[in-house]
file target.pdb (PDB, C-alpha atoms)
MODEL        1
ATOM      1  CA  MET A   1     -30.122 -53.519 -30.913
ATOM      2  CA  ASN A   2     -32.945 -51.105 -31.499
ATOM      3  CA  LYS A   3     -34.607 -51.879 -34.813
ATOM      4  CA  ARG A   4     -33.997 -48.289 -35.897
ATOM      5  CA  LEU A   5     -30.273 -48.645 -35.362
ATOM      6  CA  PHE A   6     -28.210 -51.055 -37.358
ATOM      7  CA  ALA A   7     -24.913 -51.478 -39.123
ATOM      8  CA  VAL A   8     -24.698 -49.643 -42.431
ATOM      9  CA  PRO A   9     -21.741 -48.850 -44.656
ATOM     10  CA  LEU A  10     -20.123 -45.831 -43.083
ATOM     11  CA  ILE A  11     -20.059 -43.818 -46.274
ATOM     12  CA  ALA A  12     -23.830 -44.190 -46.641
ATOM     13  CA  ALA A  13     -24.409 -42.552 -43.257
ATOM     14  CA  LEU A  14     -22.441 -39.413 -44.077
ATOM     15  CA  PRO A  15     -23.855 -36.210 -45.504
ATOM     16  CA  LEU A  16     -22.926 -35.442 -49.074
ATOM     17  CA  GLY A  17     -20.157 -33.001 -49.805
ATOM     18  CA  ALA A  18     -17.028 -32.118 -47.872
ATOM     19  CA  ALA A  19     -18.682 -30.504 -44.842
ATOM     20  CA  ALA A  20     -17.706 -33.413 -42.586
ATOM     21  CA  GLN A  21     -14.045 -32.683 -43.378
ATOM     22  CA  ASP A  22     -14.167 -28.949 -42.689
ATOM     23  CA  TRP A  23     -13.580 -28.957 -38.935
ATOM     24  CA  SER A  24     -10.703 -30.268 -36.838
ATOM     25  CA  PRO A  25      -9.952 -29.575 -33.165
ATOM     26  CA  THR A  26      -7.009 -27.251 -32.527
ATOM     27  CA  ARG A  27      -6.381 -28.023 -28.853
ATOM     28  CA  PRO A  28      -7.084 -30.761 -26.251
ATOM     29  CA  ILE A  29     -10.729 -31.853 -26.071
ATOM     30  CA  ARG A  30     -12.788 -32.120 -22.909
ATOM     31  CA  MET A  31     -14.992 -35.223 -22.641
ATOM     32  CA  VAL A  32     -17.546 -34.618 -19.898
ATOM     33  CA  VAL A  33     -18.871 -37.904 -18.499
ATOM     34  CA  SER A  34     -22.149 -37.659 -16.592
ATOM     35  CA  SER A  35     -21.294 -40.379 -14.062
ATOM     36  CA  SER A  36     -18.745 -41.147 -11.381
ATOM     37  CA  PRO A  37     -15.543 -43.009 -12.289
ATOM     38  CA  GLY A  38     -16.276 -46.703 -12.704
ATOM     39  CA  GLY A  39     -19.926 -46.266 -13.711
ATOM     40  CA  GLY A  40     -21.396 -47.492 -16.975
ATOM     41  CA  THR A  41     -21.238 -44.071 -18.607
ATOM     42  CA  ASP A  42     -17.625 -43.651 -17.524
ATOM     43  CA  ALA A  43     -16.664 -47.091 -18.832
ATOM     44  CA  THR A  44     -18.301 -46.306 -22.166
ATOM     45  CA  GLY A  45     -16.439 -43.030 -22.543
ATOM     46  CA  ARG A  46     -13.091 -44.549 -21.660
ATOM     47  CA  ILE A  47     -13.545 -47.379 -24.163
ATOM     48  CA  VAL A  48     -13.934 -44.953 -27.084
ATOM     49  CA  GLN A  49     -11.564 -42.255 -25.782
ATOM     50  CA  PRO A  50      -8.141 -43.534 -26.955
ATOM     51  CA  ARG A  51      -9.128 -44.355 -30.529
ATOM     52  CA  LEU A  52     -11.293 -41.251 -30.894
ATOM     53  CA  SER A  53      -8.346 -39.167 -29.740
ATOM     54  CA  GLU A  54      -6.197 -40.727 -32.460
ATOM     55  CA  LEU A  55      -8.747 -40.012 -35.157
ATOM     56  CA  LEU A  56      -9.280 -36.411 -34.056
ATOM     57  CA  GLY A  57      -5.579 -35.738 -33.600
ATOM     58  CA  GLN A  58      -5.894 -34.211 -30.133
ATOM     59  CA  PRO A  59      -5.751 -35.487 -26.536
ATOM     60  CA  ILE A  60      -9.149 -36.116 -24.934
ATOM     61  CA  VAL A  61      -9.319 -35.306 -21.234
ATOM     62  CA  VAL A  62     -12.035 -37.044 -19.180
ATOM     63  CA  GLU A  63     -14.000 -34.920 -16.718
ATOM     64  CA  ASN A  64     -16.492 -36.784 -14.511
ATOM     65  CA  ARG A  65     -19.540 -34.734 -13.524
ATOM     66  CA  PRO A  66     -22.109 -37.106 -11.958
ATOM     67  CA  GLY A  67     -25.454 -36.285 -10.396
ATOM     68  CA  ALA A  68     -29.140 -35.545 -10.986
ATOM     69  CA  SER A  69     -29.644 -38.453 -13.420
ATOM     70  CA  SER A  70     -26.960 -37.150 -15.812
ATOM     71  CA  GLN A  71     -28.262 -33.578 -15.767
ATOM     72  CA  ILE A  72     -25.275 -31.986 -14.007
ATOM     73  CA  GLY A  73     -22.779 -33.117 -16.621
ATOM     74  CA  ALA A  74     -25.207 -32.367 -19.416
ATOM     75  CA  GLU A  75     -25.809 -28.829 -18.189
ATOM     76  CA  LEU A  76     -22.054 -28.200 -18.089
ATOM     77  CA  VAL A  77     -21.727 -29.204 -21.737
ATOM     78  CA  ALA A  78     -24.826 -27.260 -22.755
ATOM     79  CA  ARG A  79     -23.196 -24.091 -21.373
ATOM     80  CA  ALA A  80     -19.763 -24.775 -22.875
ATOM     81  CA  ALA A  81     -18.435 -22.938 -25.911
ATOM     82  CA  PRO A  82     -19.948 -24.632 -28.984
ATOM     83  CA  ASP A  83     -16.598 -24.832 -30.747
ATOM     84  CA  GLY A  84     -16.247 -28.617 -30.698
ATOM     85  CA  HIS A  85     -13.709 -28.799 -27.905
ATOM     86  CA  THR A  86     -16.239 -30.084 -25.352
ATOM     87  CA  PHE A  87     -18.539 -33.049 -25.802
ATOM     88  CA  LEU A  88     -20.741 -35.160 -23.548
ATOM     89  CA  VAL A  89     -20.911 -38.887 -22.957
ATOM     90  CA  THR A  90     -24.128 -39.617 -21.123
ATOM     91  CA  ALA A  91     -26.776 -42.242 -20.450
ATOM     92  CA  SER A  92     -30.402 -42.529 -21.520
ATOM     93  CA  SER A  93     -31.367 -41.340 -18.049
ATOM     94  CA  ILE A  94     -30.986 -37.829 -19.443
ATOM     95  CA  VAL A  95     -34.324 -38.280 -21.236
ATOM     96  CA  VAL A  96     -35.881 -41.180 -19.310
ATOM     97  CA  THR A  97     -35.929 -39.269 -16.020
ATOM     98  CA  GLN A  98     -36.392 -35.760 -17.417
ATOM     99  CA  SER A  99     -40.039 -35.600 -16.380
ATOM    100  CA  THR A 100     -39.323 -36.759 -12.817
ATOM    101  CA  TYR A 101     -37.875 -33.320 -12.020
ATOM    102  CA  ARG A 102     -40.094 -30.376 -11.199
ATOM    103  CA  LYS A 103     -37.329 -28.013 -12.353
ATOM    104  CA  PRO A 104     -34.957 -29.807 -14.747
ATOM    105  CA  LEU A 105     -31.519 -28.268 -15.126
ATOM    106  CA  LEU A 106     -31.827 -28.300 -18.911
ATOM    107  CA  ASP A 107     -33.901 -29.420 -21.873
ATOM    108  CA  PRO A 108     -31.761 -32.034 -23.651
ATOM    109  CA  MET A 109     -33.700 -31.611 -26.894
ATOM    110  CA  LYS A 110     -33.026 -27.856 -27.028
ATOM    111  CA  ASP A 111     -29.723 -27.443 -25.215
ATOM    112  CA  LEU A 112     -27.733 -30.283 -26.762
ATOM    113  CA  ALA A 113     -27.088 -31.603 -30.261
ATOM    114  CA  PRO A 114     -27.060 -35.404 -30.659
ATOM    115  CA  ILE A 115     -24.132 -37.195 -32.295
ATOM    116  CA  THR A 116     -24.746 -40.949 -31.985
ATOM    117  CA  GLN A 117     -25.485 -43.778 -29.654
ATOM    118  CA  LEU A 118     -22.437 -45.761 -28.565
ATOM    119  CA  VAL A 119     -23.722 -48.850 -26.777
ATOM    120  CA  THR A 120     -26.940 -50.348 -25.415
ATOM    121  CA  VAL A 121     -27.161 -52.337 -22.183
ATOM    122  CA  PRO A 122     -30.264 -54.258 -21.045
ATOM    123  CA  GLN A 123     -31.371 -54.457 -17.433
ATOM    124  CA  LEU A 124     -32.257 -57.671 -15.645
ATOM    125  CA  VAL A 125     -35.214 -58.462 -13.400
ATOM    126  CA  ALA A 126     -33.872 -60.917 -10.833
ATOM    127  CA  GLY A 127     -34.731 -62.314  -7.434
ATOM    128  CA  HIS A 128     -33.169 -63.948  -4.419
ATOM    129  CA  PRO A 129     -33.455 -67.773  -4.503
ATOM    130  CA  SER A 130     -35.666 -67.592  -1.403
ATOM    131  CA  LEU A 131     -38.399 -65.934  -3.485
ATOM    132  CA  PRO A 132     -40.908 -68.690  -4.339
ATOM    133  CA  ALA A 133     -41.044 -67.991  -8.077
ATOM    134  CA  LYS A 134     -38.875 -69.788 -10.610
ATOM    135  CA  SER A 135     -40.022 -67.962 -13.759
ATOM    136  CA  LEU A 136     -41.376 -64.572 -14.730
ATOM    137  CA  LYS A 137     -44.915 -65.944 -14.996
ATOM    138  CA  GLU A 138     -44.614 -67.381 -11.500
ATOM    139  CA  LEU A 139     -43.230 -64.065 -10.272
ATOM    140  CA  ILE A 140     -46.201 -62.181 -11.730
ATOM    141  CA  ALA A 141     -48.598 -64.667 -10.115
ATOM    142  CA  LEU A 142     -46.794 -64.221  -6.796
ATOM    143  CA  LEU A 143     -46.995 -60.440  -6.967
ATOM    144  CA  LYS A 144     -50.690 -60.618  -7.823
ATOM    145  CA  SER A 145     -51.296 -62.800  -4.769
ATOM    146  CA  ARG A 146     -49.313 -60.429  -2.531
ATOM    147  CA  PRO A 147     -50.039 -56.925  -3.850
ATOM    148  CA  GLY A 148     -47.513 -54.452  -2.471
ATOM    149  CA  LYS A 149     -46.020 -56.950  -0.029
ATOM    150  CA  VAL A 150     -42.868 -57.839  -1.975
ATOM    151  CA  ASP A 151     -40.027 -55.301  -1.759
ATOM    152  CA  TYR A 152     -37.764 -54.512  -4.697
ATOM    153  CA  SER A 153     -34.616 -52.449  -5.273
ATOM    154  CA  ALA A 154     -33.909 -50.461  -8.426
ATOM    155  CA  GLY A 155     -31.347 -47.818  -7.528
ATOM    156  CA  ASN A 156     -32.337 -44.341  -6.393
ATOM    157  CA  TYR A 157     -35.805 -42.808  -6.422
ATOM    158  CA  GLY A 158     -36.718 -41.428  -9.832
ATOM    159  CA  GLY A 159     -33.705 -42.930 -11.586
ATOM    160  CA  GLN A 160     -33.900 -44.919 -14.804
ATOM    161  CA  PRO A 161     -33.947 -48.354 -13.091
ATOM    162  CA  HIS A 162     -36.830 -47.201 -10.872
ATOM    163  CA  VAL A 163     -38.799 -45.941 -13.860
ATOM    164  CA  THR A 164     -37.960 -49.094 -15.840
ATOM    165  CA  MET A 165     -39.282 -51.306 -13.045
ATOM    166  CA  ALA A 166     -42.385 -49.143 -12.727
ATOM    167  CA  LEU A 167     -43.159 -49.826 -16.388
ATOM    168  CA  PHE A 168     -42.787 -53.573 -15.852
ATOM    169  CA  LEU A 169     -45.120 -53.581 -12.852
ATOM    170  CA  SER A 170     -47.682 -51.489 -14.719
ATOM    171  CA  MET A 171     -47.673 -53.628 -17.852
ATOM    172  CA  ALA A 172     -47.801 -56.832 -15.763
ATOM    173  CA  GLY A 173     -50.695 -55.455 -13.736
ATOM    174  CA  VAL A 174     -49.024 -56.067 -10.383
ATOM    175  CA  GLN A 175     -47.779 -54.119  -7.375
ATOM    176  CA  ALA A 176     -44.533 -54.236  -5.382
ATOM    177  CA  THR A 177     -42.942 -51.858  -2.886
ATOM    178  CA  PHE A 178     -39.937 -49.842  -4.022
ATOM    179  CA  VAL A 179     -37.032 -49.580  -1.576
ATOM    180  CA  PRO A 180     -34.772 -46.723  -2.733
ATOM    181  CA  TYR A 181     -30.988 -46.861  -2.470
ATOM    182  CA  ARG A 182     -28.278 -44.330  -3.137
ATOM    183  CA  SER A 183     -26.971 -46.526  -5.946
ATOM    184  CA  GLY A 184     -27.779 -49.668  -7.887
ATOM    185  CA  ASN A 185     -24.813 -51.457  -6.315
ATOM    186  CA  ALA A 186     -26.129 -50.823  -2.806
ATOM    187  CA  GLY A 187     -29.474 -52.321  -3.763
ATOM    188  CA  LEU A 188     -27.739 -55.278  -5.364
ATOM    189  CA  VAL A 189     -25.914 -56.035  -2.103
ATOM    190  CA  ASP A 190     -29.210 -56.239  -0.203
ATOM    191  CA  GLY A 191     -30.681 -58.293  -3.021
ATOM    192  CA  LEU A 192     -27.886 -60.817  -2.703
ATOM    193  CA  SER A 193     -28.504 -61.112   1.034
ATOM    194  CA  GLY A 194     -32.245 -61.535   0.535
ATOM    195  CA  GLN A 195     -33.057 -58.423   2.534
ATOM    196  CA  VAL A 196     -34.796 -57.124  -0.589
ATOM    197  CA  PRO A 197     -35.965 -60.194  -2.513
ATOM    198  CA  LEU A 198     -36.635 -58.623  -5.929
ATOM    199  CA  LEU A 199     -34.456 -56.276  -7.932
ATOM    200  CA  LEU A 200     -33.722 -54.691 -11.257
ATOM    201  CA  ALA A 201     -30.033 -54.327 -12.049
ATOM    202  CA  ASN A 202     -27.618 -53.840 -14.905
ATOM    203  CA  VAL A 203     -26.908 -57.136 -16.692
ATOM    204  CA  LEU A 204     -23.182 -56.689 -16.155
ATOM    205  CA  ALA A 205     -23.586 -56.303 -12.388
ATOM    206  CA  ALA A 206     -26.176 -59.033 -11.854
ATOM    207  CA  LEU A 207     -25.191 -61.757 -14.303
ATOM    208  CA  PRO A 208     -22.162 -63.094 -12.385
ATOM    209  CA  HIS A 209     -24.423 -63.692  -9.381
ATOM    210  CA  VAL A 210     -27.010 -65.429 -11.551
ATOM    211  CA  ARG A 211     -24.316 -67.809 -12.785
ATOM    212  CA  THR A 212     -23.260 -68.684  -9.225
ATOM    213  CA  GLY A 213     -26.865 -69.212  -8.109
ATOM    214  CA  ARG A 214     -26.991 -66.266  -5.721
ATOM    215  CA  LEU A 215     -29.689 -64.662  -7.874
ATOM    216  CA  ARG A 216     -32.403 -66.043 -10.143
ATOM    217  CA  ALA A 217     -32.876 -64.316 -13.490
ATOM    218  CA  TYR A 218     -36.465 -63.686 -14.590
ATOM    219  CA  GLY A 219     -35.906 -61.716 -17.782
ATOM    220  CA  VAL A 220     -33.930 -59.028 -19.582
ATOM    221  CA  THR A 221     -35.609 -55.746 -20.416
ATOM    222  CA  SER A 222     -34.465 -55.539 -24.052
ATOM    223  CA  SER A 223     -36.588 -56.532 -27.039
ATOM    224  CA  LYS A 224     -34.210 -59.377 -27.858
ATOM    225  CA  ARG A 225     -32.054 -61.610 -25.708
ATOM    226  CA  ALA A 226     -28.767 -60.126 -24.552
ATOM    227  CA  ALA A 227     -25.669 -61.424 -26.299
ATOM    228  CA  SER A 228     -24.019 -61.659 -22.889
ATOM    229  CA  ALA A 229     -26.914 -63.749 -21.489
ATOM    230  CA  PRO A 230     -28.513 -65.692 -24.368
ATOM    231  CA  ASP A 231     -30.134 -68.215 -22.017
ATOM    232  CA  VAL A 232     -32.153 -65.548 -20.205
ATOM    233  CA  PRO A 233     -35.500 -64.768 -21.908
ATOM    234  CA  THR A 234     -36.724 -61.269 -22.549
ATOM    235  CA  ILE A 235     -39.521 -59.997 -20.341
ATOM    236  CA  ALA A 236     -41.673 -59.673 -23.449
ATOM    237  CA  GLU A 237     -41.322 -63.343 -24.387
ATOM    238  CA  ALA A 238     -41.494 -64.561 -20.786
ATOM    239  CA  GLY A 239     -44.845 -63.059 -19.895
ATOM    240  CA  VAL A 240     -45.253 -59.320 -20.638
ATOM    241  CA  PRO A 241     -45.722 -58.883 -24.423
ATOM    242  CA  GLY A 242     -44.570 -55.542 -25.782
ATOM    243  CA  TYR A 243     -42.330 -54.687 -22.863
ATOM    244  CA  GLU A 244     -39.000 -53.057 -23.745
ATOM    245  CA  SER A 245     -36.543 -50.837 -21.927
ATOM    246  CA  VAL A 246     -32.896 -50.515 -22.851
ATOM    247  CA  GLN A 247     -30.294 -48.298 -21.269
ATOM    248  CA  TRP A 248     -28.169 -46.589 -23.879
ATOM    249  CA  PHE A 249     -25.092 -44.411 -23.770
ATOM    250  CA  GLY A 250     -24.347 -41.747 -26.349
ATOM    251  CA  MET A 251     -22.476 -38.626 -27.420
ATOM    252  CA  LEU A 252     -23.762 -35.057 -27.636
ATOM    253  CA  VAL A 253     -22.340 -31.549 -28.075
ATOM    254  CA  PRO A 254     -23.666 -28.064 -27.249
ATOM    255  CA  ALA A 255     -26.753 -27.228 -29.301
ATOM    256  CA  ALA A 256     -25.083 -24.303 -31.077
ATOM    257  CA  ALA A 257     -22.163 -26.384 -32.367
ATOM    258  CA  PRO A 258     -21.663 -25.939 -36.133
ATOM    259  CA  ARG A 259     -22.839 -28.740 -38.382
ATOM    260  CA  ALA A 260     -19.233 -29.427 -39.392
ATOM    261  CA  VAL A 261     -18.433 -30.248 -35.755
ATOM    262  CA  VAL A 262     -21.409 -32.596 -35.491
ATOM    263  CA  ASP A 263     -20.500 -34.333 -38.738
ATOM    264  CA  ARG A 264     -16.841 -34.837 -37.805
ATOM    265  CA  TYR A 265     -17.685 -36.261 -34.391
ATOM    266  CA  TYR A 266     -20.316 -38.516 -35.933
ATOM    267  CA  ARG A 267     -17.961 -39.836 -38.592
ATOM    268  CA  GLU A 268     -15.125 -40.610 -36.195
ATOM    269  CA  ALA A 269     -17.313 -41.959 -33.381
ATOM    270  CA  VAL A 270     -19.114 -44.397 -35.674
ATOM    271  CA  LYS A 271     -15.771 -45.543 -37.053
ATOM    272  CA  VAL A 272     -14.606 -46.313 -33.502
ATOM    273  CA  ILE A 273     -17.819 -48.141 -32.574
ATOM    274  CA  GLN A 274     -17.674 -50.319 -35.679
ATOM    275  CA  GLU A 275     -14.162 -51.571 -34.953
ATOM    276  CA  PRO A 276     -14.043 -55.193 -33.710
ATOM    277  CA  LYS A 277     -11.971 -54.324 -30.641
ATOM    278  CA  THR A 278     -14.571 -51.797 -29.508
ATOM    279  CA  LYS A 279     -17.415 -54.257 -30.032
ATOM    280  CA  GLU A 280     -15.532 -56.875 -28.006
ATOM    281  CA  ARG A 281     -14.929 -54.448 -25.148
ATOM    282  CA  PHE A 282     -18.596 -53.481 -24.994
ATOM    283  CA  LEU A 283     -19.710 -57.118 -25.129
ATOM    284  CA  ALA A 284     -17.369 -57.979 -22.247
ATOM    285  CA  ASP A 285     -19.157 -55.284 -20.240
ATOM    286  CA  GLY A 286     -22.571 -56.747 -21.043
ATOM    287  CA  GLY A 287     -23.422 -54.266 -23.783
ATOM    288  CA  GLU A 288     -23.793 -54.156 -27.548
ATOM    289  CA  ALA A 289     -22.108 -51.607 -29.797
ATOM    290  CA  THR A 290     -24.907 -49.479 -31.260
ATOM    291  CA  TRP A 291     -24.671 -46.547 -33.625
ATOM    292  CA  SER A 292     -27.255 -44.270 -35.187
ATOM    293  CA  ARG A 293     -27.582 -43.950 -38.954
ATOM    294  CA  SER A 294     -27.355 -40.181 -38.501
ATOM    295  CA  PRO A 295     -27.359 -37.588 -35.720
ATOM    296  CA  GLU A 296     -30.977 -36.872 -36.641
ATOM    297  CA  GLU A 297     -31.950 -40.486 -36.014
ATOM    298  CA  PHE A 298     -30.363 -40.344 -32.579
ATOM    299  CA  GLY A 299     -32.292 -37.149 -31.880
ATOM    300  CA  ALA A 300     -35.532 -38.815 -32.971
ATOM    301  CA  LEU A 301     -34.860 -41.714 -30.600
ATOM    302  CA  MET A 302     -34.241 -39.305 -27.723
ATOM    303  CA  ARG A 303     -37.481 -37.485 -28.481
ATOM    304  CA  SER A 304     -39.517 -40.690 -28.596
ATOM    305  CA  GLU A 305     -37.956 -41.888 -25.323
ATOM    306  CA  LEU A 306     -38.780 -38.558 -23.691
ATOM    307  CA  THR A 307     -42.444 -38.942 -24.642
ATOM    308  CA  LYS A 308     -42.653 -42.621 -23.693
ATOM    309  CA  TRP A 309     -41.155 -42.245 -20.231
ATOM    310  CA  ALA A 310     -43.030 -39.065 -19.389
ATOM    311  CA  LYS A 311     -46.223 -41.130 -19.602
ATOM    312  CA  VAL A 312     -44.747 -43.864 -17.413
ATOM    313  CA  VAL A 313     -43.562 -41.373 -14.796
ATOM    314  CA  LYS A 314     -46.954 -39.661 -14.699
ATOM    315  CA  ALA A 315     -48.869 -42.933 -14.400
ATOM    316  CA  ALA A 316     -46.572 -44.161 -11.607
ATOM    317  CA  GLY A 317     -46.710 -40.854  -9.730
ATOM    318  CA  ILE A 318     -42.920 -40.560  -9.637
ATOM    319  CA  LYS A 319     -41.829 -36.990  -8.930
ATOM    320  CA  GLU A 320     -38.623 -35.536  -7.495
ATOM    321  CA  ASP A 321     -38.716 -32.485  -5.240
TER     322      ASP A 321
ENDMDL
END
call {"tool": "encode", "arguments": {"input": "target.pdb", "output": "structure tokens"}}
result
Amino acid sequence: MNKRLFAVPLIAALPLGAAAQDWSPTRPIRMVVSSSPGGGTDATGRIVQPRLSELLGQPIVVENRPGASSQIGAELVARAAPDGHTFLVTASSIVVTQSTYRKPLLDPMKDLAPITQLVTVPQLVAGHPSLPAKSLKELIALLKSRPGKVDYSAGNYGGQPHVTMALFLSMAGVQATFVPYRSGNAGLVDGLSGQVPLLLANVLAALPHVRTGRLRAYGVTSSKRAASAPDVPTIAEAGVPGYESVQWFGMLVPAAAPRAVVDRYYREAVKVIQEPKTKERFLADGGEATWSRSPEEFGALMRSELTKWAKVVKAAGIKED
């Protein structure tokens, strides 16, 4: 879990006064999910949906709006009426890949109001067993001896996995050739066959293949070992000190939403995330329940991520048309 985000007594995270109690939804709520059904963002939203609906006292209807690294769904919410009856569940790609677009559909820091993180999921650098490197240090040595001659998959061009891998290569001082795919799953398939020997994938998707020996794990991208893969070292401890990249999923509402709406969503969402059943569901999916101490803290994290990844994108020369 990010060091800025940790479990605190719920009452301590709430604003003083009764403002958080002042708003309640009066009709069904639309939850816009910025991914296709079955994706990580979708799974996250559907885990919190039933209990959140109970706490808010209204049905929550899921609307999947994938595309453009979460921007299509985010833009829809940004333009929705700021009355609390529409909220967004999205991934960190909304800020990580913002600077890859010449003409972004929106500015997430101006057009949306943060509520809280929901879960964090590390990525995994892995390779086909045919790759002659049994550890991250050996992989780095191999890439240094073959600059640009080893292919890797990391989803689509300009997406968060691509940018995450670009940061690893830069910090390790090595080169490899990116092979873009329409999705991370498509790249994983070619990684399993050895057609692309190196890959970066979601822990949930890659870990089962590591356990069967079809892939070799080199390191997780988080700052600490993943609870779902405690035997896999972090990239930082395995050979690239200071490296960290974690995919997170969170909730936001239109920027003009009243503070009472923000506070009510924050209070109920954090309550859901803290429940043992929710934590267990996230852990089964390879993630860790993660909540912000306040909406402002979530906003600060988004802002820092936007700055960090803009530098990575610029240095790597990644730019969408």
call {"tool": "resolve_selection", "arguments": {"input": "target.pdb", "expression": "the PyMOL selection byres ((chain A and resi 159) around 9)", "output": "MDAnalysis selection string"}}
result
chainID A and resid 68:69 93 96:97 100 154:158 160:164
call {"tool": "atom_distance", "arguments": {"input": "target.pdb", "atom1": "CA of Glu268 (chain A)", "atom2": "CA of Leu56 (chain A)"}}
result
7.5 Å
call {"tool": "residues_near_point", "arguments": {"input": "target.pdb", "point": "(-32.5, -63.6, 2.2)", "cutoff": "12 Å", "atoms": "only C-alpha atoms", "output": "ChimeraX atom specification"}}
result
/A:127-132,151,189-198,214-215
call {"tool": "residues_around", "arguments": {"input": "target.pdb", "residues": "region 285-291 of chain A", "least_positions_apart": "4", "cutoff": "9 Å", "atoms": "only C-alpha atoms", "output": "number ranges by chain"}}
result
A: 1-2, 5-7, 40, 43, 116-122, 202-205, 207, 226-229, 248, 250, 269-270, 273-274, 278-281, 298
call {"tool": "closest_residue", "arguments": {"input": "target.pdb", "among": "A:Gly84, A:Gly242, A:Pro180, A:Gly187", "to": "Tyr266 (chain A)", "atoms": "all atoms listed in the file"}}
result
A:Gly84
call {"tool": "build_atoms", "arguments": {"input": "target.pdb", "residues": "region 28-44 of chain A", "atoms": "N, CA and C atoms", "output": "PDB file, in the frame of the given file"}}
result
ATOM      1  N   PRO A  28      -6.511 -29.617 -26.962  1.00  0.00           N
ATOM      2  CA  PRO A  28      -7.084 -30.761 -26.251  1.00  0.00           C
ATOM      3  C   PRO A  28      -8.596 -30.645 -26.078  1.00  0.00           C
ATOM      4  N   ILE A  29      -9.268 -31.782 -26.124  1.00  0.00           N
ATOM      5  CA  ILE A  29     -10.729 -31.853 -26.071  1.00  0.00           C
ATOM      6  C   ILE A  29     -11.170 -32.322 -24.689  1.00  0.00           C
ATOM      7  N   ARG A  30     -12.233 -31.722 -24.199  1.00  0.00           N
ATOM      8  CA  ARG A  30     -12.788 -32.120 -22.909  1.00  0.00           C
ATOM      9  C   ARG A  30     -13.978 -33.049 -23.132  1.00  0.00           C
ATOM     10  N   MET A  31     -13.891 -34.275 -22.599  1.00  0.00           N
ATOM     11  CA  MET A  31     -14.992 -35.223 -22.641  1.00  0.00           C
ATOM     12  C   MET A  31     -15.649 -35.246 -21.273  1.00  0.00           C
ATOM     13  N   VAL A  32     -16.814 -34.644 -21.160  1.00  0.00           N
ATOM     14  CA  VAL A  32     -17.546 -34.618 -19.898  1.00  0.00           C
ATOM     15  C   VAL A  32     -18.371 -35.897 -19.801  1.00  0.00           C
ATOM     16  N   VAL A  33     -18.164 -36.643 -18.733  1.00  0.00           N
ATOM     17  CA  VAL A  33     -18.871 -37.904 -18.499  1.00  0.00           C
ATOM     18  C   VAL A  33     -19.850 -37.690 -17.349  1.00  0.00           C
ATOM     19  N   SER A  34     -21.115 -37.984 -17.582  1.00  0.00           N
ATOM     20  CA  SER A  34     -22.149 -37.659 -16.592  1.00  0.00           C
ATOM     21  C   SER A  34     -22.334 -38.753 -15.543  1.00  0.00           C
ATOM     22  N   SER A  35     -21.229 -39.402 -15.141  1.00  0.00           N
ATOM     23  CA  SER A  35     -21.294 -40.379 -14.062  1.00  0.00           C
ATOM     24  C   SER A  35     -19.980 -40.364 -13.299  1.00  0.00           C
ATOM     25  N   SER A  36     -19.962 -41.024 -12.163  1.00  0.00           N
ATOM     26  CA  SER A  36     -18.745 -41.147 -11.381  1.00  0.00           C
ATOM     27  C   SER A  36     -17.784 -42.103 -12.071  1.00  0.00           C
ATOM     28  N   PRO A  37     -16.491 -42.039 -11.744  1.00  0.00           N
ATOM     29  CA  PRO A  37     -15.543 -43.009 -12.289  1.00  0.00           C
ATOM     30  C   PRO A  37     -15.973 -44.435 -11.950  1.00  0.00           C
ATOM     31  N   GLY A  38     -15.902 -45.316 -12.932  1.00  0.00           N
ATOM     32  CA  GLY A  38     -16.276 -46.703 -12.704  1.00  0.00           C
ATOM     33  C   GLY A  38     -17.704 -47.034 -13.087  1.00  0.00           C
ATOM     34  N   GLY A  39     -18.544 -46.022 -13.304  1.00  0.00           N
ATOM     35  CA  GLY A  39     -19.926 -46.266 -13.711  1.00  0.00           C
ATOM     36  C   GLY A  39     -20.011 -46.662 -15.175  1.00  0.00           C
ATOM     37  N   GLY A  40     -21.212 -47.055 -15.603  1.00  0.00           N
ATOM     38  CA  GLY A  40     -21.396 -47.492 -16.975  1.00  0.00           C
ATOM     39  C   GLY A  40     -21.097 -46.405 -17.991  1.00  0.00           C
ATOM     40  N   THR A  41     -21.504 -45.178 -17.698  1.00  0.00           N
ATOM     41  CA  THR A  41     -21.238 -44.071 -18.607  1.00  0.00           C
ATOM     42  C   THR A  41     -19.742 -43.812 -18.702  1.00  0.00           C
ATOM     43  N   ASP A  42     -19.070 -43.864 -17.564  1.00  0.00           N
ATOM     44  CA  ASP A  42     -17.625 -43.651 -17.524  1.00  0.00           C
ATOM     45  C   ASP A  42     -16.894 -44.734 -18.311  1.00  0.00           C
ATOM     46  N   ALA A  43     -17.299 -45.983 -18.115  1.00  0.00           N
ATOM     47  CA  ALA A  43     -16.664 -47.091 -18.832  1.00  0.00           C
ATOM     48  C   ALA A  43     -16.839 -46.933 -20.331  1.00  0.00           C
ATOM     49  N   THR A  44     -18.033 -46.511 -20.752  1.00  0.00           N
ATOM     50  CA  THR A  44     -18.301 -46.306 -22.166  1.00  0.00           C
ATOM     51  C   THR A  44     -17.380 -45.248 -22.749  1.00  0.00           C
TER      52      THR A  44
END
